[in-house]
Amino acid sequence: MKRGKNSFTLDYITGWGFLIPSLLFLSLTSLIPLIYTFWISFTNYSIYRPGQTEYIGFQNYISGIQDWEFITAAKNSLIIISISLFAEFLIGLTLALILFKDKPTYRTWRTFLLIPCIIAPVVVGVLWRLLLNPDYGLFTLGLKNIGLDRQWLSDPFWAKISVIFVEVWTWTPFIMLIFVAGLKSLSDTPLEAAKIDGANGFQIFWYITLPMLKPVIVIVLLLRLMDAFKMFDNVYVLTYGGPGSATSVLSLQIYKKGLKYFDLAVASAQSWIFLICIFLISFFILRTFTKVGRES
């Protein structure tokens, strides 16, 4: 008994020994900056007047919400995320239904299709900026040959379409992978019973497969929504929020507010507004996931 207690104590100490460095690193890089931005969001802090900081209450939050650039970025974020997530969901689920079986050729295709989502986002942005270049971009020149001559990065509408396209191209394989895992985990018994009863392929998918995938669908929505709202690298490299503010998203706008215009107090308030919105959306999805899990 004594030996077991000593073993437990040693495992406990070892576990904390491995955990403490990670906690310290996260505290230095995340927790302390988070607390600091929360503090300066209630002050008139300015790097030009470091010794004249005063408490001003919720004034920065009011200014942040009323900022037209912040409102425009919020609208753009909702449009880009809604359309791209819908397209990613449909294409990812379709690819998963085609490629989820364990065949050598299907495994090869799944591996090949995963390449976009393992490339660094900055590299993806640079790649598509080159491909969509109006003078020498291969993608642009190819589309010109079939009559689609568009200003993909300089026209407000088509720039937004380009950002959505790059987002879909990058993250659809990730959604496909989750759905492949979900489809492989489903029991074959209901599907075989439906076939015996004479159900066709669409009926089996709509009435059996899709309802059984509800927990997986909620996981996909949770993971992609939380990640999509943090979209920064692609947009920064591809369009830098332009032309004008046509593709400006929340994370990029907060970055510009704080590190380009050096309005750190308002930028901190906007980042906390952004964080609270993500938290509320995540909480709603998690609550839905728990409800679906109980029903299943």
# chains A, B, ... in the order shown; residues from 1 in each chain; ligands from 1
>>> residues_around(residues="range 226-240 of chain A", least_positions_apart="2", cutoff="8 Å", atoms="only C-alpha atoms", output="ChimeraX atom specification")
/A:77,81,121-122,124-126,128-129,153,159,163,166-167,222-224,242-243,247-252,278,282
>>> write_last_selection(atoms="N, CA and C atoms", output="CSV table (one decimal), in the first residue's frame")
chain,number,residue,atom,x,y,z
A,77,SER,N,-16.7,40.0,-41.9
A,77,SER,CA,-16.4,38.8,-41.2
A,77,SER,C,-17.6,37.8,-41.3
A,81,ILE,N,-17.3,34.4,-43.4
A,81,ILE,CA,-17.4,33.2,-42.6
A,81,ILE,C,-18.7,32.4,-43.0
A,121,PRO,N,-0.7,29.3,-43.3
A,121,PRO,CA,-1.6,30.3,-43.9
A,121,PRO,C,-0.9,31.5,-44.6
A,122,VAL,N,0.2,31.9,-44.1
A,122,VAL,CA,1.0,33.0,-44.8
A,122,VAL,C,1.4,32.5,-46.2
A,124,VAL,N,0.0,30.2,-48.0
A,124,VAL,CA,-1.3,30.1,-48.8
A,124,VAL,C,-1.6,31.5,-49.3
A,125,GLY,N,-1.5,32.5,-48.5
A,125,GLY,CA,-1.8,33.9,-49.0
A,125,GLY,C,-0.9,34.4,-50.1
A,126,VAL,N,0.4,34.1,-49.9
A,126,VAL,CA,1.4,34.5,-50.9
A,126,VAL,C,1.2,33.7,-52.2
A,128,TRP,N,-1.6,32.4,-53.4
A,128,TRP,CA,-2.8,32.8,-54.2
A,128,TRP,C,-2.7,34.3,-54.6
A,129,ARG,N,-1.9,35.1,-53.9
A,129,ARG,CA,-1.6,36.4,-54.4
A,129,ARG,C,-0.8,36.4,-55.7
A,153,LEU,N,-8.3,40.9,-57.2
A,153,LEU,CA,-7.8,41.5,-55.9
A,153,LEU,C,-8.0,43.0,-55.8
A,159,ALA,N,-12.7,40.8,-54.9
A,159,ALA,CA,-11.7,40.6,-53.8
A,159,ALA,C,-12.3,39.8,-52.7
A,163,VAL,N,-11.2,36.0,-51.4
A,163,VAL,CA,-10.9,35.6,-50.0
A,163,VAL,C,-11.7,34.4,-49.6
A,166,VAL,N,-10.3,31.3,-51.3
A,166,VAL,CA,-9.0,30.8,-50.7
A,166,VAL,C,-9.3,30.1,-49.3
A,167,GLU,N,-10.3,30.7,-48.6
A,167,GLU,CA,-10.6,30.1,-47.3
A,167,GLU,C,-11.2,28.7,-47.5
A,222,LEU,N,-18.3,24.0,-34.5
A,222,LEU,CA,-17.5,24.6,-33.3
A,222,LEU,C,-16.1,24.9,-33.7
A,223,LEU,N,-15.4,24.0,-34.2
A,223,LEU,CA,-14.0,24.1,-34.6
A,223,LEU,C,-13.8,25.2,-35.7
A,224,ARG,N,-14.6,25.1,-36.7
A,224,ARG,CA,-14.4,26.0,-37.8
A,224,ARG,C,-14.8,27.5,-37.5
A,242,GLY,N,-8.1,45.2,-48.3
A,242,GLY,CA,-8.6,46.1,-49.4
A,242,GLY,C,-9.3,45.3,-50.5
A,243,PRO,N,-9.7,46.0,-51.5
A,243,PRO,CA,-9.5,47.4,-51.7
A,243,PRO,C,-10.4,48.2,-50.8
A,247,THR,N,-12.5,43.8,-47.8
A,247,THR,CA,-12.2,42.5,-47.2
A,247,THR,C,-11.6,42.6,-45.8
A,248,SER,N,-11.8,43.7,-45.2
A,248,SER,CA,-11.3,43.9,-43.8
A,248,SER,C,-12.1,43.0,-42.8
A,249,VAL,N,-11.4,42.2,-42.0
A,249,VAL,CA,-12.1,41.4,-41.0
A,249,VAL,C,-11.7,41.8,-39.6
A,250,LEU,N,-12.4,41.3,-38.6
A,250,LEU,CA,-12.2,41.8,-37.3
A,250,LEU,C,-10.8,41.8,-36.7
A,251,SER,N,-10.2,40.6,-36.9
A,251,SER,CA,-8.8,40.5,-36.3
A,251,SER,C,-7.8,41.4,-37.0
A,252,LEU,N,-8.0,41.6,-38.3
A,252,LEU,CA,-7.1,42.5,-39.1
A,252,LEU,C,-7.4,44.0,-38.7
A,278,ILE,N,-17.0,35.7,-29.6
A,278,ILE,CA,-16.5,34.3,-29.9
A,278,ILE,C,-16.9,33.4,-28.8
A,282,SER,N,-19.4,30.2,-29.2
A,282,SER,CA,-18.8,28.9,-28.8
A,282,SER,C,-19.7,28.3,-27.7
>>> residues_around(residues="Thr72 in chain A", least_positions_apart="4", cutoff="8 Å", atoms="only C-alpha atoms", output="VMD selection string")
chain A and resid 68 76 245 248
>>> write_last_selection(atoms="N, CA and C atoms", output="PDB file, in the first residue's frame")
ATOM      1  N   TRP A  68     -16.873  52.977 -37.405  1.00  0.00           N
ATOM      2  CA  TRP A  68     -17.448  52.446 -38.652  1.00  0.00           C
ATOM      3  C   TRP A  68     -16.536  51.390 -39.275  1.00  0.00           C
ATOM      4  N   ASN A  76     -18.131  42.247 -42.794  1.00  0.00           N
ATOM      5  CA  ASN A  76     -17.325  41.445 -43.718  1.00  0.00           C
ATOM      6  C   ASN A  76     -17.016  40.063 -43.139  1.00  0.00           C
ATOM      7  N   SER A 245     -11.978  48.927 -47.645  1.00  0.00           N
ATOM      8  CA  SER A 245     -12.227  48.049 -46.496  1.00  0.00           C
ATOM      9  C   SER A 245     -13.100  46.867 -46.902  1.00  0.00           C
ATOM     10  N   SER A 248     -11.766  43.737 -45.150  1.00  0.00           N
ATOM     11  CA  SER A 248     -11.279  43.905 -43.784  1.00  0.00           C
ATOM     12  C   SER A 248     -12.090  43.041 -42.829  1.00  0.00           C
TER      13      SER A 248
END
>>> residues_around(residues="range 44-50 of chain A", least_positions_apart="5", cutoff="7 Å", atoms="only C-alpha atoms", output="PDB file with N, CA and C atoms, in the first residue's frame")
ATOM      1  N   TYR A  55      -8.206  56.459 -15.732  1.00  0.00           N
ATOM      2  CA  TYR A  55      -9.375  55.571 -15.872  1.00  0.00           C
ATOM      3  C   TYR A  55     -10.522  56.353 -16.508  1.00  0.00           C
ATOM      4  N   ILE A  56     -11.114  55.806 -17.591  1.00  0.00           N
ATOM      5  CA  ILE A  56     -12.213  56.506 -18.284  1.00  0.00           C
ATOM      6  C   ILE A  56     -13.459  55.620 -18.425  1.00  0.00           C
ATOM      7  N   ASP A 263      -3.676  53.205 -31.524  1.00  0.00           N
ATOM      8  CA  ASP A 263      -4.775  53.511 -30.599  1.00  0.00           C
ATOM      9  C   ASP A 263      -5.018  52.246 -29.759  1.00  0.00           C
ATOM     10  N   LEU A 264      -4.079  51.984 -28.849  1.00  0.00           N
ATOM     11  CA  LEU A 264      -4.065  50.709 -28.132  1.00  0.00           C
ATOM     12  C   LEU A 264      -5.252  50.552 -27.188  1.00  0.00           C
ATOM     13  N   ALA A 265      -5.733  51.615 -26.613  1.00  0.00           N
ATOM     14  CA  ALA A 265      -6.837  51.528 -25.656  1.00  0.00           C
ATOM     15  C   ALA A 265      -8.127  51.075 -26.349  1.00  0.00           C
TER      16      ALA A 265
END
>>> select_by_dssp(residues="range 80-271 of chain A", states="alpha helix (DSSP H)", output="ChimeraX atom specification")
/A:80-99,104-113,115-118,121-131,138-145,156-185,189-196,201-204,210-212,214-228,233-238,250-259,264-271
>>> residues_around(residues="range 102-113 of chain A", least_positions_apart="5", cutoff="10 Å", atoms="only C-alpha atoms", output="list in words")
Leu95, Ala96, Trp169, Thr170, Thr172, Pro173, Phe174, Met176, Leu177, Val180 and Lys184 of chain A
>>> write_last_selection(atoms="C-alpha atoms", output="short mmCIF file (atom, residue, chain, number, x, y, z; two decimals), in the first residue's frame")
data_model
loop_
_atom_site.label_atom_id
_atom_site.label_comp_id
_atom_site.auth_asym_id
_atom_site.auth_seq_id
_atom_site.Cartn_x
_atom_site.Cartn_y
_atom_site.Cartn_z
CA LEU A 95 -15.91 14.46 -50.58
CA ALA A 96 -16.17 12.47 -47.34
CA TRP A 169 -9.72 25.86 -50.66
CA THR A 170 -7.67 25.85 -47.46
CA THR A 172 -12.44 22.10 -46.87
CA PRO A 173 -9.98 19.16 -46.51
CA PHE A 174 -10.04 19.59 -42.73
CA MET A 176 -13.65 16.34 -45.05
CA LEU A 177 -11.25 14.58 -42.66
CA VAL A 180 -14.53 10.75 -42.90
CA LYS A 184 -16.29 5.39 -40.32
#
